[in-house]
$ cat my_file_8.pdb   # PDB, C-alpha atoms and all ligand atoms
ATOM      1  CA  MET Q 284       4.760 -42.332  -4.591  1.00  0.00           C
ATOM      2  CA  ASN Q 285       4.012 -40.194  -1.529  1.00  0.00           C
ATOM      3  CA  SER Q 286       7.475 -39.488  -0.191  1.00  0.00           C
ATOM      4  CA  LEU Q 287      10.817 -38.194  -1.419  1.00  0.00           C
ATOM      5  CA  VAL Q 288      14.296 -37.602  -0.076  1.00  0.00           C
ATOM      6  CA  HIS Q 289      16.220 -34.434  -1.022  1.00  0.00           C
ATOM      7  CA  ASP Q 290      19.721 -33.932   0.336  1.00  0.00           C
ATOM      8  CA  GLY Q 291      18.894 -36.338   3.160  1.00  0.00           C
ATOM      9  CA  ASP Q 292      15.621 -34.548   4.048  1.00  0.00           C
ATOM     10  CA  ALA Q 293      12.620 -36.866   3.762  1.00  0.00           C
ATOM     11  CA  VAL Q 294       9.211 -35.419   2.883  1.00  0.00           C
ATOM     12  CA  THR Q 295       6.016 -37.428   3.168  1.00  0.00           C
ATOM     13  CA  ILE Q 296       2.465 -36.623   2.072  1.00  0.00           C
ATOM     14  CA  ALA Q 297      -0.433 -37.355   4.430  1.00  0.00           C
ATOM     15  CA  LEU Q 298      -4.105 -36.541   4.652  1.00  0.00           C
ATOM     16  CA  GLU Q 299      -4.646 -33.292   6.533  1.00  0.00           C
ATOM     17  CA  SER Q 300      -6.169 -33.769   9.982  1.00  0.00           C
ATOM     18  CA  ARG Q 301      -7.832 -31.278  12.333  1.00  0.00           C
ATOM     19  CA  ALA Q 302      -4.616 -31.118  14.345  1.00  0.00           C
ATOM     20  CA  ASP Q 303      -2.779 -29.820  11.233  1.00  0.00           C
ATOM     21  CA  ILE Q 304      -5.026 -26.812  10.586  1.00  0.00           C
ATOM     22  CA  ALA Q 305      -3.214 -24.226  12.741  1.00  0.00           C
ATOM     23  CA  ALA Q 306       0.231 -25.123  11.340  1.00  0.00           C
ATOM     24  CA  ARG Q 307      -1.162 -25.202   7.798  1.00  0.00           C
ATOM     25  CA  ASP Q 308      -2.581 -21.688   8.229  1.00  0.00           C
ATOM     26  CA  VAL Q 309       0.768 -20.395   9.554  1.00  0.00           C
ATOM     27  CA  LEU Q 310       2.428 -21.926   6.504  1.00  0.00           C
ATOM     28  CA  LEU Q 311      -0.085 -20.247   4.170  1.00  0.00           C
ATOM     29  CA  ASP Q 312       0.525 -16.863   5.805  1.00  0.00           C
ATOM     30  CA  ARG Q 313       4.269 -17.341   5.315  1.00  0.00           C
ATOM     31  CA  SER Q 314       4.158 -18.536   1.724  1.00  0.00           C
ATOM     32  CA  MET Q 315       1.259 -16.789  -0.010  1.00  0.00           C
ATOM     33  CA  ALA Q 316       0.884 -13.188  -1.204  1.00  0.00           C
ATOM     34  CA  PRO Q 317      -0.876 -11.032   1.450  1.00  0.00           C
ATOM     35  CA  ASN Q 318      -4.190 -10.755  -0.435  1.00  0.00           C
ATOM     36  CA  TRP Q 319      -4.475 -14.415  -1.426  1.00  0.00           C
ATOM     37  CA  LYS Q 320      -7.757 -15.041   0.407  1.00  0.00           C
ATOM     38  CA  LYS Q 321      -9.485 -12.284  -1.579  1.00  0.00           C
ATOM     39  CA  LYS Q 322      -8.613 -13.780  -4.973  1.00  0.00           C
ATOM     40  CA  THR Q 323     -11.437 -15.110  -7.158  1.00  0.00           C
ATOM     41  CA  SER Q 324     -10.672 -18.768  -6.470  1.00  0.00           C
ATOM     42  CA  GLY Q 325     -10.955 -18.008  -2.743  1.00  0.00           C
ATOM     43  CA  LYS Q 326     -14.648 -17.251  -3.283  1.00  0.00           C
ATOM     44  CA  LEU Q 327     -15.136 -20.863  -4.383  1.00  0.00           C
ATOM     45  CA  ARG Q 328     -13.557 -22.161  -1.177  1.00  0.00           C
ATOM     46  CA  ALA Q 329     -15.088 -19.780   1.360  1.00  0.00           C
ATOM     47  CA  GLY Q 330     -17.435 -21.542   3.752  1.00  0.00           C
ATOM     48  CA  ARG Q 331     -16.843 -24.966   2.152  1.00  0.00           C
ATOM     49  CA  LYS Q 332     -15.054 -28.125   3.189  1.00  0.00           C
ATOM     50  CA  PRO Q 333     -12.406 -29.581   0.885  1.00  0.00           C
ATOM     51  CA  ALA Q 334     -13.416 -32.565  -1.231  1.00  0.00           C
ATOM     52  CA  GLU Q 335     -13.550 -35.805   0.747  1.00  0.00           C
ATOM     53  CA  GLY Q 336     -10.104 -37.381   1.103  1.00  0.00           C
ATOM     54  CA  LEU Q 337      -8.412 -34.624  -0.910  1.00  0.00           C
ATOM     55  CA  ALA Q 338      -6.740 -32.287   1.613  1.00  0.00           C
ATOM     56  CA  PHE Q 339      -3.047 -33.020   2.026  1.00  0.00           C
ATOM     57  CA  VAL Q 340      -0.048 -31.891   4.011  1.00  0.00           C
ATOM     58  CA  ALA Q 341       3.629 -32.522   3.366  1.00  0.00           C
ATOM     59  CA  ARG Q 342       5.748 -33.240   6.447  1.00  0.00           C
ATOM     60  CA  ASP Q 343       9.483 -33.181   6.857  1.00  0.00           C
ATOM     61  CA  ASN Q 344      11.356 -35.847   8.791  1.00  0.00           C
ATOM     62  CA  ARG Q 345      10.705 -33.974  12.076  1.00  0.00           C
ATOM     63  CA  GLY Q 346       6.968 -34.096  11.425  1.00  0.00           C
ATOM     64  CA  GLU Q 347       6.739 -30.356  10.672  1.00  0.00           C
ATOM     65  CA  ILE Q 348       4.273 -29.275   7.974  1.00  0.00           C
ATOM     66  CA  VAL Q 349       6.239 -27.905   5.010  1.00  0.00           C
ATOM     67  CA  GLY Q 350       3.537 -27.995   2.340  1.00  0.00           C
ATOM     68  CA  THR Q 351      -0.206 -27.949   1.799  1.00  0.00           C
ATOM     69  CA  GLY Q 352      -2.512 -28.739  -1.105  1.00  0.00           C
ATOM     70  CA  ARG Q 353      -6.275 -29.112  -1.145  1.00  0.00           C
ATOM     71  CA  LEU Q 354      -8.942 -29.883  -3.735  1.00  0.00           C
ATOM     72  CA  TRP Q 355     -12.497 -28.548  -3.686  1.00  0.00           C
ATOM     73  CA  ASN Q 356     -15.699 -29.760  -5.327  1.00  0.00           C
ATOM     74  CA  ILE Q 357     -17.006 -27.557  -8.102  1.00  0.00           C
ATOM     75  CA  GLN Q 358     -19.372 -27.655 -11.035  1.00  0.00           C
ATOM     76  CA  ALA Q 359     -17.366 -26.715 -14.141  1.00  0.00           C
ATOM     77  CA  GLY Q 360     -20.222 -25.313 -16.189  1.00  0.00           C
ATOM     78  CA  ILE Q 361     -22.291 -27.590 -18.416  1.00  0.00           C
ATOM     79  CA  ASP Q 362     -21.493 -29.820 -21.371  1.00  0.00           C
ATOM     80  CA  ALA Q 363     -22.778 -29.503 -24.932  1.00  0.00           C
ATOM     81  CA  VAL Q 364     -26.148 -31.090 -24.027  1.00  0.00           C
ATOM     82  CA  GLY Q 365     -26.608 -29.059 -20.850  1.00  0.00           C
ATOM     83  CA  ARG Q 366     -25.459 -31.617 -18.276  1.00  0.00           C
ATOM     84  CA  PRO Q 367     -23.526 -30.224 -15.282  1.00  0.00           C
ATOM     85  CA  ILE Q 368     -19.850 -31.190 -15.214  1.00  0.00           C
ATOM     86  CA  SER Q 369     -18.461 -32.057 -11.796  1.00  0.00           C
ATOM     87  CA  ALA Q 370     -14.791 -31.301 -11.227  1.00  0.00           C
ATOM     88  CA  LEU Q 371     -12.270 -30.206  -8.610  1.00  0.00           C
ATOM     89  CA  LEU Q 372     -10.539 -26.895  -7.961  1.00  0.00           C
ATOM     90  CA  LEU Q 373      -6.983 -27.037  -6.603  1.00  0.00           C
ATOM     91  CA  GLY Q 374      -5.681 -24.470  -4.174  1.00  0.00           C
ATOM     92  CA  PRO Q 375      -3.827 -23.165  -2.483  1.00  0.00           C
ATOM     93  CA  LEU Q 376      -0.778 -25.287  -3.255  1.00  0.00           C
ATOM     94  CA  ALA Q 377       1.974 -23.890  -1.063  1.00  0.00           C
ATOM     95  CA  VAL Q 378       5.375 -24.895   0.248  1.00  0.00           C
ATOM     96  CA  ASP Q 379       7.225 -23.279   3.133  1.00  0.00           C
ATOM     97  CA  PRO Q 380       9.656 -20.663   1.732  1.00  0.00           C
ATOM     98  CA  ASP Q 381      12.523 -22.403   3.577  1.00  0.00           C
ATOM     99  CA  ALA Q 382      11.689 -25.728   1.920  1.00  0.00           C
ATOM    100  CA  LYS Q 383      11.181 -24.626  -1.688  1.00  0.00           C
ATOM    101  CA  SER Q 384      12.671 -26.222  -4.803  1.00  0.00           C
ATOM    102  CA  LYS Q 385      13.177 -29.630  -3.219  1.00  0.00           C
ATOM    103  CA  GLY Q 386      10.317 -31.243  -5.143  1.00  0.00           C
ATOM    104  CA  THR Q 387       7.704 -30.904  -2.374  1.00  0.00           C
ATOM    105  CA  GLY Q 388       5.236 -28.935  -4.512  1.00  0.00           C
ATOM    106  CA  SER Q 389       5.506 -31.510  -7.284  1.00  0.00           C
ATOM    107  CA  LEU Q 390       5.107 -34.385  -4.843  1.00  0.00           C
ATOM    108  CA  LEU Q 391       1.977 -32.791  -3.359  1.00  0.00           C
ATOM    109  CA  MET Q 392       0.547 -32.129  -6.818  1.00  0.00           C
ATOM    110  CA  ARG Q 393       1.218 -35.600  -8.202  1.00  0.00           C
ATOM    111  CA  HIS Q 394      -0.216 -37.217  -5.079  1.00  0.00           C
ATOM    112  CA  ALA Q 395      -3.306 -34.984  -5.209  1.00  0.00           C
ATOM    113  CA  LEU Q 396      -3.906 -35.779  -8.890  1.00  0.00           C
ATOM    114  CA  SER Q 397      -3.458 -39.496  -8.421  1.00  0.00           C
ATOM    115  CA  GLU Q 398      -5.773 -39.591  -5.404  1.00  0.00           C
ATOM    116  CA  ALA Q 399      -8.373 -37.503  -7.258  1.00  0.00           C
ATOM    117  CA  ALA Q 400      -8.261 -39.952 -10.175  1.00  0.00           C
ATOM    118  CA  ARG Q 401      -8.430 -42.942  -7.831  1.00  0.00           C
ATOM    119  CA  LEU Q 402     -11.531 -41.451  -6.195  1.00  0.00           C
ATOM    120  CA  GLY Q 403     -13.214 -41.158  -9.589  1.00  0.00           C
ATOM    121  CA  HIS Q 404     -12.905 -37.439 -10.300  1.00  0.00           C
ATOM    122  CA  GLY Q 405     -12.642 -36.409 -13.948  1.00  0.00           C
ATOM    123  CA  ALA Q 406     -10.840 -33.070 -13.993  1.00  0.00           C
ATOM    124  CA  VAL Q 407      -8.936 -30.561 -11.866  1.00  0.00           C
ATOM    125  CA  LEU Q 408      -8.983 -26.807 -12.472  1.00  0.00           C
ATOM    126  CA  LEU Q 409      -6.873 -24.068 -10.874  1.00  0.00           C
ATOM    127  CA  VAL Q 410      -5.775 -20.476 -11.161  1.00  0.00           C
ATOM    128  CA  GLY Q 411      -1.989 -20.226 -11.145  1.00  0.00           C
ATOM    129  CA  ASP Q 412       1.262 -19.743 -13.012  1.00  0.00           C
ATOM    130  CA  ALA Q 413       1.144 -21.774 -16.251  1.00  0.00           C
ATOM    131  CA  PRO Q 414       4.949 -22.187 -16.380  1.00  0.00           C
ATOM    132  CA  TYR Q 415       4.807 -24.116 -13.105  1.00  0.00           C
ATOM    133  CA  TYR Q 416       1.619 -26.094 -13.693  1.00  0.00           C
ATOM    134  CA  ALA Q 417       2.351 -27.063 -17.321  1.00  0.00           C
ATOM    135  CA  ARG Q 418       4.786 -29.724 -16.075  1.00  0.00           C
ATOM    136  CA  PHE Q 419       1.856 -31.644 -14.591  1.00  0.00           C
ATOM    137  CA  GLY Q 420      -0.224 -31.325 -17.789  1.00  0.00           C
ATOM    138  CA  PHE Q 421      -2.354 -28.269 -16.954  1.00  0.00           C
ATOM    139  CA  THR Q 422      -3.285 -25.993 -19.876  1.00  0.00           C
ATOM    140  CA  ALA Q 423      -5.769 -23.188 -20.530  1.00  0.00           C
ATOM    141  CA  GLU Q 424      -7.197 -25.115 -23.503  1.00  0.00           C
ATOM    142  CA  LYS Q 425     -10.265 -26.606 -21.760  1.00  0.00           C
ATOM    143  CA  THR Q 426     -11.178 -23.543 -19.686  1.00  0.00           C
ATOM    144  CA  ALA Q 427     -11.683 -21.153 -22.623  1.00  0.00           C
ATOM    145  CA  ALA Q 428     -15.487 -21.168 -22.376  1.00  0.00           C
ATOM    146  CA  LEU Q 429     -15.627 -21.339 -18.573  1.00  0.00           C
ATOM    147  CA  ALA Q 430     -16.041 -18.348 -16.276  1.00  0.00           C
ATOM    148  CA  LEU Q 431     -15.074 -17.707 -12.669  1.00  0.00           C
ATOM    149  CA  PRO Q 432     -17.087 -15.551 -10.241  1.00  0.00           C
ATOM    150  CA  GLY Q 433     -14.598 -12.664 -10.448  1.00  0.00           C
ATOM    151  CA  PRO Q 434     -11.640 -11.374 -12.425  1.00  0.00           C
ATOM    152  CA  VAL Q 435      -9.068 -13.866 -13.728  1.00  0.00           C
ATOM    153  CA  GLU Q 436      -6.231 -13.724 -16.219  1.00  0.00           C
ATOM    154  CA  ARG Q 437      -7.243 -16.288 -18.847  1.00  0.00           C
ATOM    155  CA  ASP Q 438      -3.745 -17.689 -19.266  1.00  0.00           C
ATOM    156  CA  ARG Q 439      -3.706 -18.516 -15.538  1.00  0.00           C
ATOM    157  CA  PHE Q 440      -7.042 -20.357 -15.579  1.00  0.00           C
ATOM    158  CA  LEU Q 441      -5.903 -23.932 -16.173  1.00  0.00           C
ATOM    159  CA  ALA Q 442      -7.263 -27.458 -16.200  1.00  0.00           C
ATOM    160  CA  ILE Q 443      -6.180 -31.061 -16.530  1.00  0.00           C
ATOM    161  CA  GLU Q 444      -8.460 -33.957 -17.412  1.00  0.00           C
ATOM    162  CA  LEU Q 445      -8.122 -37.100 -15.312  1.00  0.00           C
ATOM    163  CA  ALA Q 446     -10.604 -38.856 -17.605  1.00  0.00           C
ATOM    164  CA  GLU Q 447     -10.164 -38.131 -21.285  1.00  0.00           C
ATOM    165  CA  GLY Q 448     -12.794 -35.808 -22.730  1.00  0.00           C
ATOM    166  CA  TRP Q 449     -14.263 -34.940 -19.297  1.00  0.00           C
ATOM    167  CA  LEU Q 450     -14.233 -31.219 -20.074  1.00  0.00           C
ATOM    168  CA  ASP Q 451     -15.260 -31.511 -23.742  1.00  0.00           C
ATOM    169  CA  GLY Q 452     -17.649 -28.660 -24.495  1.00  0.00           C
ATOM    170  CA  ALA Q 453     -17.445 -27.310 -20.922  1.00  0.00           C
ATOM    171  CA  ALA Q 454     -18.983 -23.839 -20.844  1.00  0.00           C
ATOM    172  CA  GLY Q 455     -20.455 -21.523 -18.240  1.00  0.00           C
ATOM    173  CA  MET Q 456     -19.831 -20.502 -14.663  1.00  0.00           C
ATOM    174  CA  ILE Q 457     -17.735 -22.367 -12.116  1.00  0.00           C
ATOM    175  CA  VAL Q 458     -19.827 -22.929  -8.993  1.00  0.00           C
ATOM    176  CA  ALA Q 459     -18.784 -24.301  -5.580  1.00  0.00           C
ATOM    177  CA  THR Q 460     -20.586 -27.550  -4.781  1.00  0.00           C
ATOM    178  CA  GLY Q 461     -18.704 -28.835  -1.734  1.00  0.00           C
ATOM    179  CA  ALA Q 462     -20.215 -29.480   1.681  1.00  0.00           C
ATOM    180  CA  LYS Q 463     -20.649 -26.313   3.708  1.00  0.00           C
ATOM    181  CA  VAL Q 464     -18.686 -25.744   6.896  1.00  0.00           C
ATOM    182  CA  SER Q 465     -21.159 -25.953   9.743  1.00  0.00           C
ATOM    183  CA  LYS Q 466     -21.381 -22.738  11.704  1.00  0.00           C
ATOM    184  CA  PRO Q 467     -20.969 -22.961  15.499  1.00  0.00           C
ATOM    185  CA  ARG Q 468     -24.403 -22.882  17.131  1.00  0.00           C
ATOM    186  CA  LYS Q 469     -25.140 -19.672  18.998  1.00  0.00           C
ATOM    187  CA  LEU Q 470     -25.982 -20.055  22.659  1.00  0.00           C
ATOM    188  CA  ARG Q 471     -29.286 -18.454  23.601  1.00  0.00           C
ATOM    189  CA  LEU Q 472     -29.248 -16.836  26.977  1.00  0.00           C
ATOM    190  CA  VAL Q 473     -32.487 -17.329  28.827  1.00  0.00           C
ATOM    191  CA  ALA Q 474     -33.215 -14.719  31.501  1.00  0.00           C
TER     192      ALA Q 474
HETATM  193  C1  LIG G 501       4.665 -22.877  -6.314  1.00  0.00           C
HETATM  194  C2  LIG G 501       5.203 -23.710  -5.156  1.00  0.00           C
HETATM  195  C3  LIG G 501       4.045 -24.479  -4.498  1.00  0.00           C
HETATM  196  C4  LIG G 501       6.241 -24.714  -5.689  1.00  0.00           C
HETATM  197  O1  LIG G 501       6.694 -25.525  -4.612  1.00  0.00           O
HETATM  198  P1  LIG G 501       8.155 -26.203  -4.647  1.00  0.00           P
HETATM  199  O2  LIG G 501       8.205 -27.247  -3.604  1.00  0.00           O
HETATM  200  O3  LIG G 501       9.194 -25.149  -4.597  1.00  0.00           O
HETATM  201  O4  LIG G 501       8.110 -26.850  -6.099  1.00  0.00           O
HETATM  202  P2  LIG G 501       9.051 -27.936  -6.725  1.00  0.00           P
HETATM  203  O5  LIG G 501      10.245 -28.151  -5.866  1.00  0.00           O
HETATM  204  O6  LIG G 501       8.223 -29.100  -7.075  1.00  0.00           O
HETATM  205  O7  LIG G 501       9.466 -27.234  -8.077  1.00  0.00           O
HETATM  206  C5  LIG G 501      10.391 -26.201  -8.043  1.00  0.00           C
HETATM  207  C6  LIG G 501      10.577 -25.677  -9.454  1.00  0.00           C
HETATM  208  O8  LIG G 501       9.404 -24.938  -9.829  1.00  0.00           O
HETATM  209  C7  LIG G 501       9.780 -23.643 -10.213  1.00  0.00           C
HETATM  210  N1  LIG G 501       8.718 -22.721  -9.840  1.00  0.00           N
HETATM  211  C8  LIG G 501       8.257 -22.454  -8.596  1.00  0.00           C
HETATM  212  N2  LIG G 501       7.279 -21.534  -8.662  1.00  0.00           N
HETATM  213  C9  LIG G 501       7.119 -21.242  -9.979  1.00  0.00           C
HETATM  214  C10 LIG G 501       6.270 -20.371 -10.666  1.00  0.00           C
HETATM  215  N3  LIG G 501       5.377 -19.606 -10.022  1.00  0.00           N
HETATM  216  N4  LIG G 501       6.376 -20.325 -12.018  1.00  0.00           N
HETATM  217  C11 LIG G 501       7.279 -21.079 -12.678  1.00  0.00           C
HETATM  218  N5  LIG G 501       8.109 -21.941 -12.060  1.00  0.00           N
HETATM  219  C12 LIG G 501       8.035 -22.003 -10.725  1.00  0.00           C
HETATM  220  C13 LIG G 501      11.060 -23.369  -9.452  1.00  0.00           C
HETATM  221  O9  LIG G 501      11.830 -22.375 -10.077  1.00  0.00           O
HETATM  222  C14 LIG G 501      11.748 -24.720  -9.512  1.00  0.00           C
HETATM  223  O10 LIG G 501      12.363 -24.878 -10.776  1.00  0.00           O
HETATM  224  P3  LIG G 501      13.589 -25.911 -10.993  1.00  0.00           P
HETATM  225  O11 LIG G 501      13.053 -27.277 -10.703  1.00  0.00           O
HETATM  226  O12 LIG G 501      13.938 -25.720 -12.433  1.00  0.00           O
HETATM  227  O13 LIG G 501      14.615 -25.480 -10.018  1.00  0.00           O
HETATM  228  C15 LIG G 501       5.921 -22.827  -4.108  1.00  0.00           C
HETATM  229  O14 LIG G 501       6.925 -22.088  -4.782  1.00  0.00           O
HETATM  230  C16 LIG G 501       5.005 -21.872  -3.362  1.00  0.00           C
HETATM  231  O15 LIG G 501       4.497 -22.204  -2.312  1.00  0.00           O
HETATM  232  N6  LIG G 501       4.811 -20.649  -3.881  1.00  0.00           N
HETATM  233  C17 LIG G 501       4.014 -19.641  -3.201  1.00  0.00           C
HETATM  234  C18 LIG G 501       2.568 -19.990  -3.197  1.00  0.00           C
HETATM  235  C19 LIG G 501       2.021 -20.061  -4.584  1.00  0.00           C
HETATM  236  O16 LIG G 501       2.263 -19.176  -5.406  1.00  0.00           O
HETATM  237  N7  LIG G 501       1.247 -21.135  -4.833  1.00  0.00           N
HETATM  238  C20 LIG G 501       0.623 -21.352  -6.104  1.00  0.00           C
HETATM  239  C21 LIG G 501      -0.740 -20.710  -6.146  1.00  0.00           C
HETATM  240  S1  LIG G 501      -2.025 -21.864  -5.772  1.00  0.00           S
END

$ encode --input "my_file_8.pdb" --output "structure tokens" --more "lines below"
Ligand SMILES: CC(C)(COP(=O)(O)OP(=O)(O)OC[C@H]1O[C@@H](n2cnc3c(N)ncnc32)[C@H](O)[C@@H]1OP(=O)(O)O)[C@@H](O)C(=O)NCCC(=O)NCCS
Amino acid sequence: MNSLVHDGDAVTIALESRADIAARDVLLDRSMAPNWKKKTSGKLRAGRKPAEGLAFVARDNRGEIVGTGRLWNIQAGIDAVGRPISALLLGPLAVDPDAKSKGTGSLLMRHALSEAARLGHGAVLLVGDAPYYARFGFTAEKTAALALPGPVERDRFLAIELAEGWLDGAAGMIVATGAKVSKPRKLRLVA
């Protein structure tokens, strides 16, 4: 399911396009705490592109963006025999303050998880409020031996497996592995 109707308002999930970026950033400024970019999980997104096919927007029936959710490629430490574990990091998940509590966040999350599974990913990690994310199956159980590149409250460092056992034995540092954003080329002035 990638759409819902709440009190006559329809919301639909779509892949984020370039044309959505400005409106998505306005939405993030409206909905997130002022320092959100400086949080530890932000370090894993900085300078990277979201995972292929896993950046979403929610639109209302006028086409306005009312929600955003993106997934990012990471390595979630190593397994018990030292093999790197590939996974995804979710964030930010945000819904316009005027459109909250209509199911949009849940719709975005369920769509993101189902697309991630369809594309063959094995696990999604995030830093967020456990009381909200528990409803989707996220727990702190599989992140106990994992570390983030900065401070984190352990009970907010959560994961869900999309393939059973994917995070078994996962230990070590979370590292960004996504494609880097290409920097604009500098023009050289020739005298
Ligand atoms: C968290 C957020 C994405 C939820 O979006 P939403 O569209 O309102 O979510 P839903 O409609 O699917 O769910 C609403 C329910 O979640 C609850 N909820 C929302 N945020 C919560 C939180 N931080 N902790 C616990 N419950 C929460 C609401 O009380 C509501 O409960 P109800 O169904 O019993 O009324 C949205 O509140 C938001 O953008 N918050 C600010 C940004 C943020 O903190 N993002 C998460 C960090 S990545």

$ residues_near_point --input "my_file_8.pdb" --point "(4.3, -37.3, 5.6)" --cutoff "8 Å" --atoms "only C-alpha atoms" --output "PDB file with C-alpha atoms, in the frame of the given file"
ATOM      1  CA  ASN Q 285       4.012 -40.194  -1.529  1.00  0.00           C
ATOM      2  CA  SER Q 286       7.475 -39.488  -0.191  1.00  0.00           C
ATOM      3  CA  VAL Q 294       9.211 -35.419   2.883  1.00  0.00           C
ATOM      4  CA  THR Q 295       6.016 -37.428   3.168  1.00  0.00           C
ATOM      5  CA  ILE Q 296       2.465 -36.623   2.072  1.00  0.00           C
ATOM      6  CA  ALA Q 297      -0.433 -37.355   4.430  1.00  0.00           C
ATOM      7  CA  VAL Q 340      -0.048 -31.891   4.011  1.00  0.00           C
ATOM      8  CA  ALA Q 341       3.629 -32.522   3.366  1.00  0.00           C
ATOM      9  CA  ARG Q 342       5.748 -33.240   6.447  1.00  0.00           C
ATOM     10  CA  ASP Q 343       9.483 -33.181   6.857  1.00  0.00           C
ATOM     11  CA  ASN Q 344      11.356 -35.847   8.791  1.00  0.00           C
ATOM     12  CA  GLY Q 346       6.968 -34.096  11.425  1.00  0.00           C
TER      13      GLY Q 346
END

$ axis_aligned_box --input "my_file_8.pdb" --around "stretch 320-329 of chain Q" --padding-each-side "3 Å" --output "AutoDock Vina command-line options"
--center_x -11.4 --center_y -17.2 --center_z -2.9 --size_x 13.4 --size_y 15.9 --size_z 14.5

$ resolve_selection --input "my_file_8.pdb" --expression "the PyMOL selection byres (((chain Q and resi 308) around 12) and not hetatm)" --output "ChimeraX atom specification"
/Q:299,301-307,309-315,320,340,348-352,375,377-379

$ resolve_selection --input "my_file_8.pdb" --expression "the PyMOL selection byres (((not hetatm)) within 8 of (chain G and resi 501))" --output "ChimeraX atom specification"
/Q:311,314-316,350,373-380,382-390,409-416

$ closest_residue --input "my_file_8.pdb" --among "Q:Leu371, Q:Leu470, Q:Leu450, Q:Ile357" --to "Q:Leu408" --atoms "all atoms listed in the file"
Q:Leu371

$ resolve_selection --input "my_file_8.pdb" --expression "the PyMOL selection byres (((chain Q and resi 405) around 7) and not hetatm)" --output "list of chain:residue names"
Q:Ala370, Q:Ala400, Q:Gly403, Q:His404, Q:Ala406, Q:Glu444, Q:Leu445, Q:Ala446, Q:Trp449

$ write_last_selection --input "my_file_8.pdb" --atoms "C-alpha atoms" --output "PDB file, in the coordinates of the input"
ATOM      1  CA  ALA Q 370     -14.791 -31.301 -11.227  1.00  0.00           C
ATOM      2  CA  ALA Q 400      -8.261 -39.952 -10.175  1.00  0.00           C
ATOM      3  CA  GLY Q 403     -13.214 -41.158  -9.589  1.00  0.00           C
ATOM      4  CA  HIS Q 404     -12.905 -37.439 -10.300  1.00  0.00           C
ATOM      5  CA  ALA Q 406     -10.840 -33.070 -13.993  1.00  0.00           C
ATOM      6  CA  GLU Q 444      -8.460 -33.957 -17.412  1.00  0.00           C
ATOM      7  CA  LEU Q 445      -8.122 -37.100 -15.312  1.00  0.00           C
ATOM      8  CA  ALA Q 446     -10.604 -38.856 -17.605  1.00  0.00           C
ATOM      9  CA  TRP Q 449     -14.263 -34.940 -19.297  1.00  0.00           C
TER      10      TRP Q 449
END
